[in-house]
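**Q** Sharing a structure, written as structure tokens. Questions coming.
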Amino acid sequence: MRKQIIAALLVLTTIAGFLWQGCKKSDNNSNSSSDAVLSITTGAQTVAPGNTISYQAVVIDSKGNVTPATGVSWSVTNSLGSFSGNVFTPSNSGSGTITASATVNGKTLTAKVAVGVYLPAVFTVLPSAIAWTTNAGTIPLLPVYLGTGSVTSYTYSSSNSSVASVDASGNVSFNATGECVITVTANGLSDNNKVYIPVLVTGLPPVSLPVVRVSVTPSGKELFRGETFTFSAAAFNSSNTQVSGTTFTWASQDAGVASVDATGKVTAVGIGQTIITATANGITGQAEVDVLPDSLILVTPIMANIGAGATKQFTAQAYSVNHTSHALTAITMPAGLTWEIPTTGIPIFDIATVNGTGLVTMNSSATVGLSSVVLAHVSSPTIEPGSALIMVSDCNCGTTTAGVDHINLPGGNTMNASITGGPVTVNAVAVDAGNNPVSGATIHLCTDNMAVCNVDNSTGQIIPSSPGTAVITVCNGGVSTTITVTVTF
């Protein structure tokens, strides 16, 4: 589903489970542990750049008693961002691990969950992040798409199948402790058609607890307003045996989106996403509910890089949504269509303006790399607003050097790059009509998607930053060509 259109860059916070780790002695003897474990109740999440996550942790003793964790230290791997107290603020794209550490009775306890920082794609996948244990069964992935394109099928792959593998139907199996990323590709769509799901797999806690795992089935569900669905929950002990007679406490993280009663019956209330939790003996299992709109506005294009001082025209169209097929039918736009770019009151972050027809003008002083959203909405409460991402690009081709006729790309017009592989050099040459290099002709590089890769004109390099596809303009004044770059892990 085009979540950035249905709810502007709304945080995708599906939680498939959570992980914990008991305190171990300094000799790293895995059979020695304290009588308590630390658990991150916030769970595994994927968040869009510009949003934050507030994490919480609890301490669970061997009898299943739960107390809030105090003095918790938080950290994240892969330089994805920083913590202020328990609040995580992303600064880079990718996947990583959130770690909580706390001292309990003189012992250090830690807990970990997966986290992903990605720009929303044109569809979503439930769940959007997974933290799970080995031998805990499979989790099916549910793609959800609301758009005008044609999705012919979905393709699934894992960055490390020895940790977590995924079959052709999207069922994820958890094979060994470690981290990986599941990639889901919507075949038939050409723009922003990949979703990345961070996965963290660990073993069971080293402390014997009455309940070590709670499973909520299914792990995600899509609903329209007014619809209901009943989730089921099961509790398991350290022998991976279901604990009979377990009583669960059900809760919704946002009752304004979906409420849940004592039996796990969910009622969809408002557009958006929320987490439904089932808790037993301090252990929480979680699933995402995605409440879809009955009508929506799509903004075109959904993402654009605009140079400082430049303009870009956006358009909007209203659609009704078929509850069964999810097919969109164009409807007449109600009167009162309003275009808006949210403002912060801080000049450096207020990068652009938009007029009444959807023409966006980037401020001449806008800082390269900053981003915002342009919104299109009407006063009708039944039509969900649309949005598109705008980013400040650095595309200055300069003046055409005398004699330059075209630009040669020895490596061709397509390129593959890897986040782990680092920068890639573009060996472009400005040449004359006879294909001879023109002395003093400077080559400039511009990217149309800085979320995927950036450029360094001083070195002529492309710098990958997030999986996806970007088009690099290679130019000398008015003479240019392009390179399509596919970035992978």
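Letters A, B, ... mark the chains of the structure tokens in the order given; residue numbers begin at 1 per chain; ligand numbers begin at 1, in order shown.
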Counting only C-alpha atoms, what is within 7 Å of Asp61 in chain A, bar same-chain residues fewer than 6 positions away, as a PyMOL selection string?
**A** chain A and resi 35-37
**Q** Write out as JSON lines the residues of range 177-266 of chain A that have any atom within 9 Å of an atom of range 62-67 of chain A, one row each with the nearest atom pair and its distance in Å to one decimal, counting only C-alpha atoms, sorted by chain and then rising number.
**A**
{"residue": "A:Val207", "atom": "CA", "partner": "A:Ser62", "partner_atom": "CA", "distance": 6.6}
{"residue": "A:Ser208", "atom": "CA", "partner": "A:Ser62", "partner_atom": "CA", "distance": 5.9}
{"residue": "A:Leu209", "atom": "CA", "partner": "A:Ser62", "partner_atom": "CA", "distance": 4.9}
{"residue": "A:Pro210", "atom": "CA", "partner": "A:Gly64", "partner_atom": "CA", "distance": 6.1}
{"residue": "A:Val211", "atom": "CA", "partner": "A:Gly64", "partner_atom": "CA", "distance": 7.4}
**Q** Which residues come within 8 Å of range 283-290 of chain A, counting only C-alpha atoms, excluding same-chain residues fewer than 4 positions away, as a PDB file with N, CA, C and O atoms, in the first residue's frame?
**A**
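Wrote out.pdb, looks like this:
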ATOM      1  N   THR A  13       5.054   0.448  12.217  1.00  0.00           N
ATOM      2  CA  THR A  13       5.497  -0.114  13.488  1.00  0.00           C
ATOM      3  C   THR A  13       4.900  -1.492  13.748  1.00  0.00           C
ATOM      4  O   THR A  13       4.284  -1.732  14.776  1.00  0.00           O
ATOM      5  N   THR A  14       5.083  -2.397  12.808  1.00  0.00           N
ATOM      6  CA  THR A  14       4.652  -3.752  13.049  1.00  0.00           C
ATOM      7  C   THR A  14       5.651  -4.460  13.945  1.00  0.00           C
ATOM      8  O   THR A  14       6.840  -4.373  13.725  1.00  0.00           O
ATOM      9  N   ILE A  15       5.155  -5.174  14.908  1.00  0.00           N
ATOM     10  CA  ILE A  15       6.030  -5.911  15.814  1.00  0.00           C
ATOM     11  C   ILE A  15       5.654  -7.382  15.760  1.00  0.00           C
ATOM     12  O   ILE A  15       4.541  -7.754  16.039  1.00  0.00           O
ATOM     13  N   ALA A  16       6.599  -8.214  15.375  1.00  0.00           N
ATOM     14  CA  ALA A  16       6.305  -9.633  15.288  1.00  0.00           C
ATOM     15  C   ALA A  16       6.662 -10.360  16.572  1.00  0.00           C
ATOM     16  O   ALA A  16       6.310 -11.514  16.746  1.00  0.00           O
ATOM     17  N   GLY A  17       7.383  -9.749  17.464  1.00  0.00           N
ATOM     18  CA  GLY A  17       7.783 -10.396  18.703  1.00  0.00           C
ATOM     19  C   GLY A  17       8.834  -9.557  19.357  1.00  0.00           C
ATOM     20  O   GLY A  17       9.084  -8.451  18.953  1.00  0.00           O
ATOM     21  N   PHE A  18       9.470 -10.063  20.401  1.00  0.00           N
ATOM     22  CA  PHE A  18      10.565  -9.328  21.012  1.00  0.00           C
ATOM     23  C   PHE A  18      11.548 -10.310  21.596  1.00  0.00           C
ATOM     24  O   PHE A  18      11.233 -11.465  21.861  1.00  0.00           O
ATOM     25  N   THR A  41       9.775  -4.196  25.436  1.00  0.00           N
ATOM     26  CA  THR A  41       8.363  -4.395  25.123  1.00  0.00           C
ATOM     27  C   THR A  41       7.909  -3.631  23.886  1.00  0.00           C
ATOM     28  O   THR A  41       6.856  -3.924  23.333  1.00  0.00           O
ATOM     29  N   LEU A 126       3.219  -6.659   6.019  1.00  0.00           N
ATOM     30  CA  LEU A 126       2.969  -6.963   7.422  1.00  0.00           C
ATOM     31  C   LEU A 126       3.542  -8.342   7.744  1.00  0.00           C
ATOM     32  O   LEU A 126       3.245  -9.295   7.029  1.00  0.00           O
ATOM     33  N   PRO A 127       4.368  -8.447   8.800  1.00  0.00           N
ATOM     34  CA  PRO A 127       4.895  -7.370   9.633  1.00  0.00           C
ATOM     35  C   PRO A 127       6.041  -6.642   8.945  1.00  0.00           C
ATOM     36  O   PRO A 127       6.663  -7.156   8.029  1.00  0.00           O
ATOM     37  N   VAL A 211       6.567 -18.568  31.128  1.00  0.00           N
ATOM     38  CA  VAL A 211       6.291 -18.346  29.710  1.00  0.00           C
ATOM     39  C   VAL A 211       7.499 -17.646  29.102  1.00  0.00           C
ATOM     40  O   VAL A 211       7.986 -16.660  29.660  1.00  0.00           O
ATOM     41  N   VAL A 212       8.001 -18.172  27.983  1.00  0.00           N
ATOM     42  CA  VAL A 212       9.151 -17.534  27.331  1.00  0.00           C
ATOM     43  C   VAL A 212       8.778 -16.916  25.990  1.00  0.00           C
ATOM     44  O   VAL A 212       9.536 -16.135  25.438  1.00  0.00           O
ATOM     45  N   ARG A 213       7.601 -17.290  25.456  1.00  0.00           N
ATOM     46  CA  ARG A 213       7.221 -16.771  24.152  1.00  0.00           C
ATOM     47  C   ARG A 213       5.704 -16.739  24.036  1.00  0.00           C
ATOM     48  O   ARG A 213       5.025 -17.677  24.459  1.00  0.00           O
ATOM     49  N   VAL A 214       5.189 -15.638  23.488  1.00  0.00           N
ATOM     50  CA  VAL A 214       3.766 -15.527  23.175  1.00  0.00           C
ATOM     51  C   VAL A 214       3.634 -15.276  21.682  1.00  0.00           C
ATOM     52  O   VAL A 214       4.278 -14.371  21.133  1.00  0.00           O
ATOM     53  N   SER A 215       2.835 -16.068  21.032  1.00  0.00           N
ATOM     54  CA  SER A 215       2.610 -15.945  19.602  1.00  0.00           C
ATOM     55  C   SER A 215       1.194 -15.443  19.343  1.00  0.00           C
ATOM     56  O   SER A 215       0.227 -16.009  19.869  1.00  0.00           O
ATOM     57  N   VAL A 216       1.075 -14.368  18.570  1.00  0.00           N
ATOM     58  CA  VAL A 216      -0.225 -13.849  18.157  1.00  0.00           C
ATOM     59  C   VAL A 216      -0.436 -14.211  16.690  1.00  0.00           C
ATOM     60  O   VAL A 216       0.434 -13.980  15.855  1.00  0.00           O
ATOM     61  N   THR A 217      -1.583 -14.786  16.395  1.00  0.00           N
ATOM     62  CA  THR A 217      -1.879 -15.249  15.036  1.00  0.00           C
ATOM     63  C   THR A 217      -3.131 -14.558  14.502  1.00  0.00           C
ATOM     64  O   THR A 217      -4.158 -14.540  15.188  1.00  0.00           O
ATOM     65  N   PRO A 218      -3.032 -14.003  13.273  1.00  0.00           N
ATOM     66  CA  PRO A 218      -1.853 -13.867  12.424  1.00  0.00           C
ATOM     67  C   PRO A 218      -0.963 -12.733  12.912  1.00  0.00           C
ATOM     68  O   PRO A 218      -1.334 -12.001  13.825  1.00  0.00           O
ATOM     69  N   SER A 219       0.203 -12.577  12.289  1.00  0.00           N
ATOM     70  CA  SER A 219       1.132 -11.527  12.714  1.00  0.00           C
ATOM     71  C   SER A 219       0.742 -10.161  12.180  1.00  0.00           C
ATOM     72  O   SER A 219       1.280  -9.150  12.614  1.00  0.00           O
ATOM     73  N   GLY A 220      -0.194 -10.109  11.230  1.00  0.00           N
ATOM     74  CA  GLY A 220      -0.674  -8.840  10.702  1.00  0.00           C
ATOM     75  C   GLY A 220      -2.014  -9.020  10.026  1.00  0.00           C
ATOM     76  O   GLY A 220      -2.332 -10.102   9.514  1.00  0.00           O
ATOM     77  N   LYS A 221      -2.818  -7.969  10.048  1.00  0.00           N
ATOM     78  CA  LYS A 221      -4.147  -8.040   9.441  1.00  0.00           C
ATOM     79  C   LYS A 221      -4.535  -6.679   8.897  1.00  0.00           C
ATOM     80  O   LYS A 221      -4.347  -5.661   9.558  1.00  0.00           O
ATOM     81  N   GLU A 222      -5.095  -6.666   7.682  1.00  0.00           N
ATOM     82  CA  GLU A 222      -5.607  -5.444   7.083  1.00  0.00           C
ATOM     83  C   GLU A 222      -7.119  -5.409   7.260  1.00  0.00           C
ATOM     84  O   GLU A 222      -7.802  -6.418   7.085  1.00  0.00           O
ATOM     85  N   LEU A 223      -7.647  -4.246   7.603  1.00  0.00           N
ATOM     86  CA  LEU A 223      -9.080  -4.073   7.809  1.00  0.00           C
ATOM     87  C   LEU A 223      -9.511  -2.727   7.250  1.00  0.00           C
ATOM     88  O   LEU A 223      -8.688  -1.802   7.126  1.00  0.00           O
ATOM     89  N   ALA A 233      -4.002 -16.149  20.504  1.00  0.00           N
ATOM     90  CA  ALA A 233      -2.685 -16.099  21.130  1.00  0.00           C
ATOM     91  C   ALA A 233      -2.364 -17.440  21.773  1.00  0.00           C
ATOM     92  O   ALA A 233      -3.272 -18.168  22.209  1.00  0.00           O
ATOM     93  N   ALA A 258      -7.500   1.092  16.091  1.00  0.00           N
ATOM     94  CA  ALA A 258      -8.224  -0.158  16.288  1.00  0.00           C
ATOM     95  C   ALA A 258      -8.286  -0.465  17.775  1.00  0.00           C
ATOM     96  O   ALA A 258      -7.283  -0.339  18.479  1.00  0.00           O
ATOM     97  N   ILE A 271      -8.146   5.332  10.187  1.00  0.00           N
ATOM     98  CA  ILE A 271      -7.065   5.016   9.258  1.00  0.00           C
ATOM     99  C   ILE A 271      -5.713   5.045   9.968  1.00  0.00           C
ATOM    100  O   ILE A 271      -5.432   5.918  10.782  1.00  0.00           O
ATOM    101  N   GLY A 272      -4.866   4.063   9.630  1.00  0.00           N
ATOM    102  CA  GLY A 272      -3.510   4.043  10.176  1.00  0.00           C
ATOM    103  C   GLY A 272      -3.091   2.650  10.586  1.00  0.00           C
ATOM    104  O   GLY A 272      -3.699   1.651  10.187  1.00  0.00           O
ATOM    105  N   GLN A 273      -2.041   2.578  11.392  1.00  0.00           N
ATOM    106  CA  GLN A 273      -1.522   1.302  11.873  1.00  0.00           C
ATOM    107  C   GLN A 273      -1.437   1.325  13.386  1.00  0.00           C
ATOM    108  O   GLN A 273      -1.169   2.361  13.992  1.00  0.00           O
ATOM    109  N   THR A 274      -1.658   0.179  13.990  1.00  0.00           N
ATOM    110  CA  THR A 274      -1.450   0.059  15.423  1.00  0.00           C
ATOM    111  C   THR A 274      -0.963  -1.347  15.738  1.00  0.00           C
ATOM    112  O   THR A 274      -1.036  -2.250  14.902  1.00  0.00           O
ATOM    113  N   ILE A 275      -0.492  -1.518  16.961  1.00  0.00           N
ATOM    114  CA  ILE A 275       0.003  -2.803  17.428  1.00  0.00           C
ATOM    115  C   ILE A 275      -0.986  -3.388  18.425  1.00  0.00           C
ATOM    116  O   ILE A 275      -1.375  -2.728  19.378  1.00  0.00           O
ATOM    117  N   ILE A 276      -1.383  -4.619  18.183  1.00  0.00           N
ATOM    118  CA  ILE A 276      -2.229  -5.350  19.114  1.00  0.00           C
ATOM    119  C   ILE A 276      -1.324  -6.291  19.898  1.00  0.00           C
ATOM    120  O   ILE A 276      -0.535  -7.035  19.314  1.00  0.00           O
ATOM    121  N   THR A 277      -1.431  -6.257  21.226  1.00  0.00           N
ATOM    122  CA  THR A 277      -0.553  -7.073  22.059  1.00  0.00           C
ATOM    123  C   THR A 277      -1.359  -8.046  22.906  1.00  0.00           C
ATOM    124  O   THR A 277      -2.479  -7.763  23.331  1.00  0.00           O
ATOM    125  N   ALA A 278      -0.758  -9.216  23.140  1.00  0.00           N
ATOM    126  CA  ALA A 278      -1.300 -10.212  24.067  1.00  0.00           C
ATOM    127  C   ALA A 278      -0.193 -10.549  25.051  1.00  0.00           C
ATOM    128  O   ALA A 278       0.900 -10.958  24.638  1.00  0.00           O
ATOM    129  N   THR A 279      -0.446 -10.366  26.352  1.00  0.00           N
ATOM    130  CA  THR A 279       0.591 -10.521  27.370  1.00  0.00           C
ATOM    131  C   THR A 279       0.208 -11.597  28.372  1.00  0.00           C
ATOM    132  O   THR A 279      -0.936 -11.652  28.834  1.00  0.00           O
TER     133      THR A 279
END
**Q** Near Gly478 in chain A, within 10 Å and counting only C-alpha atoms, which residues show up once chain neighbours fewer than 4 positions away are dropped, as a PyMOL selection string?
**A** chain A and resi 397-401+404-406
**Q** Nearest to Thr133 in chain A: which of A:Val166, A:Ile463, A:Val201, A:Leu80 is it, counting only C-alpha atoms?
**A**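 Among A:Val166, A:Ile463, A:Val201, A:Leu80, it is A:Val201 that comes nearest to Thr133 in chain A.
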**Q** Could you tell me how far CA of Thr110 in chain A lies from CA of Phe489 in chain A, in Å and to one decimal?
**A**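 Interatomic distance, CA of Thr110 in chain A to CA of Phe489 in chain A: 27.5 Å.
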**Q** Which residue out of A:Ser162, A:Thr155, A:Gln253, A:Asn175 has the minimum interatomic distance to Gly43 in chain A when only C-alpha atoms are used?
**A**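 Ranked by minimum distance to Gly43 in chain A, first place goes to A:Gln253.
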**Q** Using Å and a single decimal, report how far CA of Ile483 in chain A sits from CA of His444 in chain A.
**A**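 Computing it gives 12.6 Å between the two atoms.
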**Q** Smallest atom-to-atom distance to Thr420 in chain A: which of A:Thr382, A:Asn78, A:Ser153, A:Ser73, using only C-alpha atoms?
**A**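 Of the candidates, the smallest distance to Thr420 in chain A is held by A:Asn78.
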**Q** Would you pick out the contacts of Val269 in chain A at 7 Å or less, using only C-alpha atoms, so that residues sharing its chain but fewer than 4 positions from it are not included, and give the list as a tab-separated table (two decimals) with all heavy atoms, in the first residue's frame?
**A**
chain	number	residue	atom	x	y	z
A	225	ARG	N	-12.42	0.43	7.94
A	225	ARG	CA	-13.12	0.98	9.09
A	225	ARG	C	-14.46	0.27	9.31
A	225	ARG	O	-15.21	0.02	8.38
A	225	ARG	CB	-13.34	2.48	8.91
A	225	ARG	CG	-12.10	3.31	9.18
A	225	ARG	CD	-12.33	4.78	8.94
A	225	ARG	NE	-12.51	5.08	7.52
A	225	ARG	CZ	-12.53	6.31	7.01
A	225	ARG	NH1	-12.39	7.34	7.81
A	225	ARG	NH2	-12.69	6.49	5.73
A	226	GLY	N	-14.70	-0.07	10.58
A	226	GLY	CA	-15.94	-0.76	10.94
A	226	GLY	C	-15.84	-2.26	10.91
A	226	GLY	O	-16.68	-2.96	11.50
A	256	GLY	N	-7.43	4.61	18.79
A	256	GLY	CA	-8.05	5.44	17.78
A	256	GLY	C	-7.98	4.84	16.39
A	256	GLY	O	-8.72	5.22	15.49
A	257	VAL	N	-7.06	3.90	16.21
A	257	VAL	CA	-6.96	3.17	14.94
A	257	VAL	C	-7.74	1.86	15.03
A	257	VAL	O	-8.54	1.54	14.15
A	257	VAL	CB	-5.48	2.90	14.60
A	257	VAL	CG1	-5.38	1.97	13.38
A	257	VAL	CG2	-4.75	4.19	14.32
A	258	ALA	N	-7.50	1.09	16.09
A	258	ALA	CA	-8.22	-0.16	16.29
A	258	ALA	C	-8.29	-0.46	17.78
A	258	ALA	O	-7.28	-0.34	18.48
A	258	ALA	CB	-7.56	-1.31	15.54
**Q** Leaving out Val195 in chain A and any residue of its chain fewer than 5 positions from it, which residues lie within 7 Å of it when counting only C-alpha atoms, given as a PDB file with N, CA, C and O atoms, in the first residue's frame?
**A**
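Below is the file out.pdb, written as the result:
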ATOM      1  N   ALA A 121       7.755   2.566   0.809  1.00  0.00           N
ATOM      2  CA  ALA A 121       7.644   2.175  -0.585  1.00  0.00           C
ATOM      3  C   ALA A 121       6.211   2.395  -1.051  1.00  0.00           C
ATOM      4  O   ALA A 121       5.385   2.940  -0.312  1.00  0.00           O
ATOM      5  N   THR A 124       3.109  -1.835   1.386  1.00  0.00           N
ATOM      6  CA  THR A 124       3.644  -2.206   2.685  1.00  0.00           C
ATOM      7  C   THR A 124       3.608  -3.716   2.839  1.00  0.00           C
ATOM      8  O   THR A 124       2.951  -4.432   2.068  1.00  0.00           O
ATOM      9  N   THR A 183      13.867  -9.046   1.645  1.00  0.00           N
ATOM     10  CA  THR A 183      13.472  -8.088   0.617  1.00  0.00           C
ATOM     11  C   THR A 183      12.230  -8.608  -0.106  1.00  0.00           C
ATOM     12  O   THR A 183      12.202  -9.762  -0.536  1.00  0.00           O
ATOM     13  N   VAL A 184      11.221  -7.755  -0.204  1.00  0.00           N
ATOM     14  CA  VAL A 184       9.995  -8.094  -0.921  1.00  0.00           C
ATOM     15  C   VAL A 184       9.879  -7.138  -2.107  1.00  0.00           C
ATOM     16  O   VAL A 184       9.884  -5.918  -1.922  1.00  0.00           O
ATOM     17  N   THR A 185       9.789  -7.696  -3.306  1.00  0.00           N
ATOM     18  CA  THR A 185       9.710  -6.898  -4.526  1.00  0.00           C
ATOM     19  C   THR A 185       8.338  -7.058  -5.157  1.00  0.00           C
ATOM     20  O   THR A 185       7.855  -8.183  -5.340  1.00  0.00           O
TER      21      THR A 185
END
**Q** If we count only C-alpha atoms, what is near Gly71 in chain A at a cut-off of 10 Å, once residues fewer than 4 positions away on the same chain are taken out, given as a list in words?
**A**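 After dropping sequence-adjacent residues, the list is Gly85, Ala100, Ser101, Ala102, Thr103 and Val104 of chain A.
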**Q** Could you write those residues out with C-alpha atoms, as a short mmCIF file (atom, residue, chain, number, x, y, z; two decimals), in the first residue's frame?
**A**
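Once everything was written out, this is selection_28.cif:
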data_model
loop_
_atom_site.label_atom_id
_atom_site.label_comp_id
_atom_site.auth_asym_id
_atom_site.auth_seq_id
_atom_site.Cartn_x
_atom_site.Cartn_y
_atom_site.Cartn_z
CA GLY A 85 17.20 8.78 26.88
CA ALA A 100 19.00 -2.20 26.00
CA SER A 101 21.28 -2.72 29.01
CA ALA A 102 20.39 -2.43 32.69
CA THR A 103 21.93 -3.46 36.00
CA VAL A 104 19.69 -5.59 38.19
#
